[in-house]
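K.L.:
The structure's right below; bear with me while I get my questions together.
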Amino acid sequence: MSVTRTAHGAQVKIAVSVAALAAGSLILTACGGSGDGASKLDGTYYVKDVNGTSELGQLVVKGNSVSHHEYTCDGVYEKPGVTSTGEFNKDQSQIIWTVAGEDSRNQRTGSESVSTSATSISISGSAYIRDDSDAGNALLGGFKAECQK
């Protein structure tokens, strides 16, 4: 009978140890993040009147990669008129544009300074608003309403 108790006690201690290790690894994983540093910024952002035009600017962030698209009223959610791609630098203070769009109006070349908040990314002074925020929904709604005039 004492063998059963000892075996049962050992099983309980092992189960508790495994649970503690699993919980510890989850905590470390949550604190460590994915390592790319930009994942908190992942999402889609918009700005109206991009580059001094009446077009809609869209910024898509996936990890350290960034793509920038410009849409006219006729092209919203279709093929953008201008597309550029780039990457954040190491401390996310700049975007380095690696592929410029084909349109001659494209000003997304070289590098541009960046600042971020929970709901926006500002590039060279232009604030791109996260699409799933209240301000982002208002911006998109206003752009679509203007396009229907």
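A note on labels: chains of the structure tokens are A, B, ... as shown, every chain counts residues from 1, and ligands are counted from 1 in their shown order.
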If we count only C-alpha atoms, what is near Pro80 of chain A at a cut-off of 8 Å, once residues fewer than 5 positions away on the same chain are taken out, given as a short mmCIF file (atom, residue, chain, number, x, y, z; two decimals) with N, CA and C atoms, in the first residue's frame?

P.N.:
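Written out: out-v4.cif:
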```cif
data_model
loop_
_atom_site.label_atom_id
_atom_site.label_comp_id
_atom_site.auth_asym_id
_atom_site.auth_seq_id
_atom_site.Cartn_x
_atom_site.Cartn_y
_atom_site.Cartn_z
N HIS A 69 0.14 51.90 -50.82
CA HIS A 69 -0.70 51.91 -52.02
C HIS A 69 -1.48 53.22 -52.05
N GLU A 70 -1.76 53.68 -53.24
CA GLU A 70 -2.59 54.88 -53.41
C GLU A 70 -3.78 54.52 -54.27
N TYR A 71 -4.97 54.98 -53.84
CA TYR A 71 -6.21 54.66 -54.52
C TYR A 71 -6.96 55.93 -54.90
N THR A 72 -7.55 55.91 -56.08
CA THR A 72 -8.48 56.96 -56.48
C THR A 72 -9.87 56.49 -56.13
N GLY A 75 -10.74 53.39 -57.87
CA GLY A 75 -9.93 52.21 -57.62
C GLY A 75 -9.90 51.71 -56.20
#
```

K.L.:
For Leu140 of chain A, list every protein, DNA or RNA residue within 12 Å, evaluated using only C-alpha atoms, and leave out those in the same chain fewer than 3 positions away; present the list as a PyMOL selection string.

P.N.:
chain A and resi 44-49+55-58+71+73+76-77+128-137+143-147

K.L.:
Please indicate the distance in Å from atom CA of Ile123 of chain A to atom CA of Arg108 of chain A, rounded to one decimal place.

P.N.:
10.2 Å

K.L.:
May I ask which of the residues A:Leu139, A:Gln148, A:Val66, A:Ser113 is the closest one to Gly43 of chain A, counting only C-alpha atoms?

P.N.:
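Ranking A:Leu139, A:Gln148, A:Val66, A:Ser113 by distance to Gly43 of chain A, first place goes to A:Val66.
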
K.L.:
Can you measure atom CA of Asp42 of chain A to atom CA of Gly142 of chain A for me? One decimal in Å is fine.

P.N.:
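Between these atoms lies a distance of 23.7 Å.
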
K.L.:
Excluding Ile96 of chain A and its own-chain neighbours fewer than 5 positions away, which residues fall within 6 Å of it when counting only C-alpha atoms? Please give them as a ChimeraX atom specification.

P.N.:
/A:86-87,110-111

K.L.:
Of the candidates A:Asn89, A:Thr98, A:Ser65, A:Thr83, which shows the shortest atom-to-atom distance to Ser39 of chain A, using only C-alpha atoms?

P.N.:
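Using only C-alpha atoms, the shortest distance to Ser39 of chain A belongs to A:Ser65.
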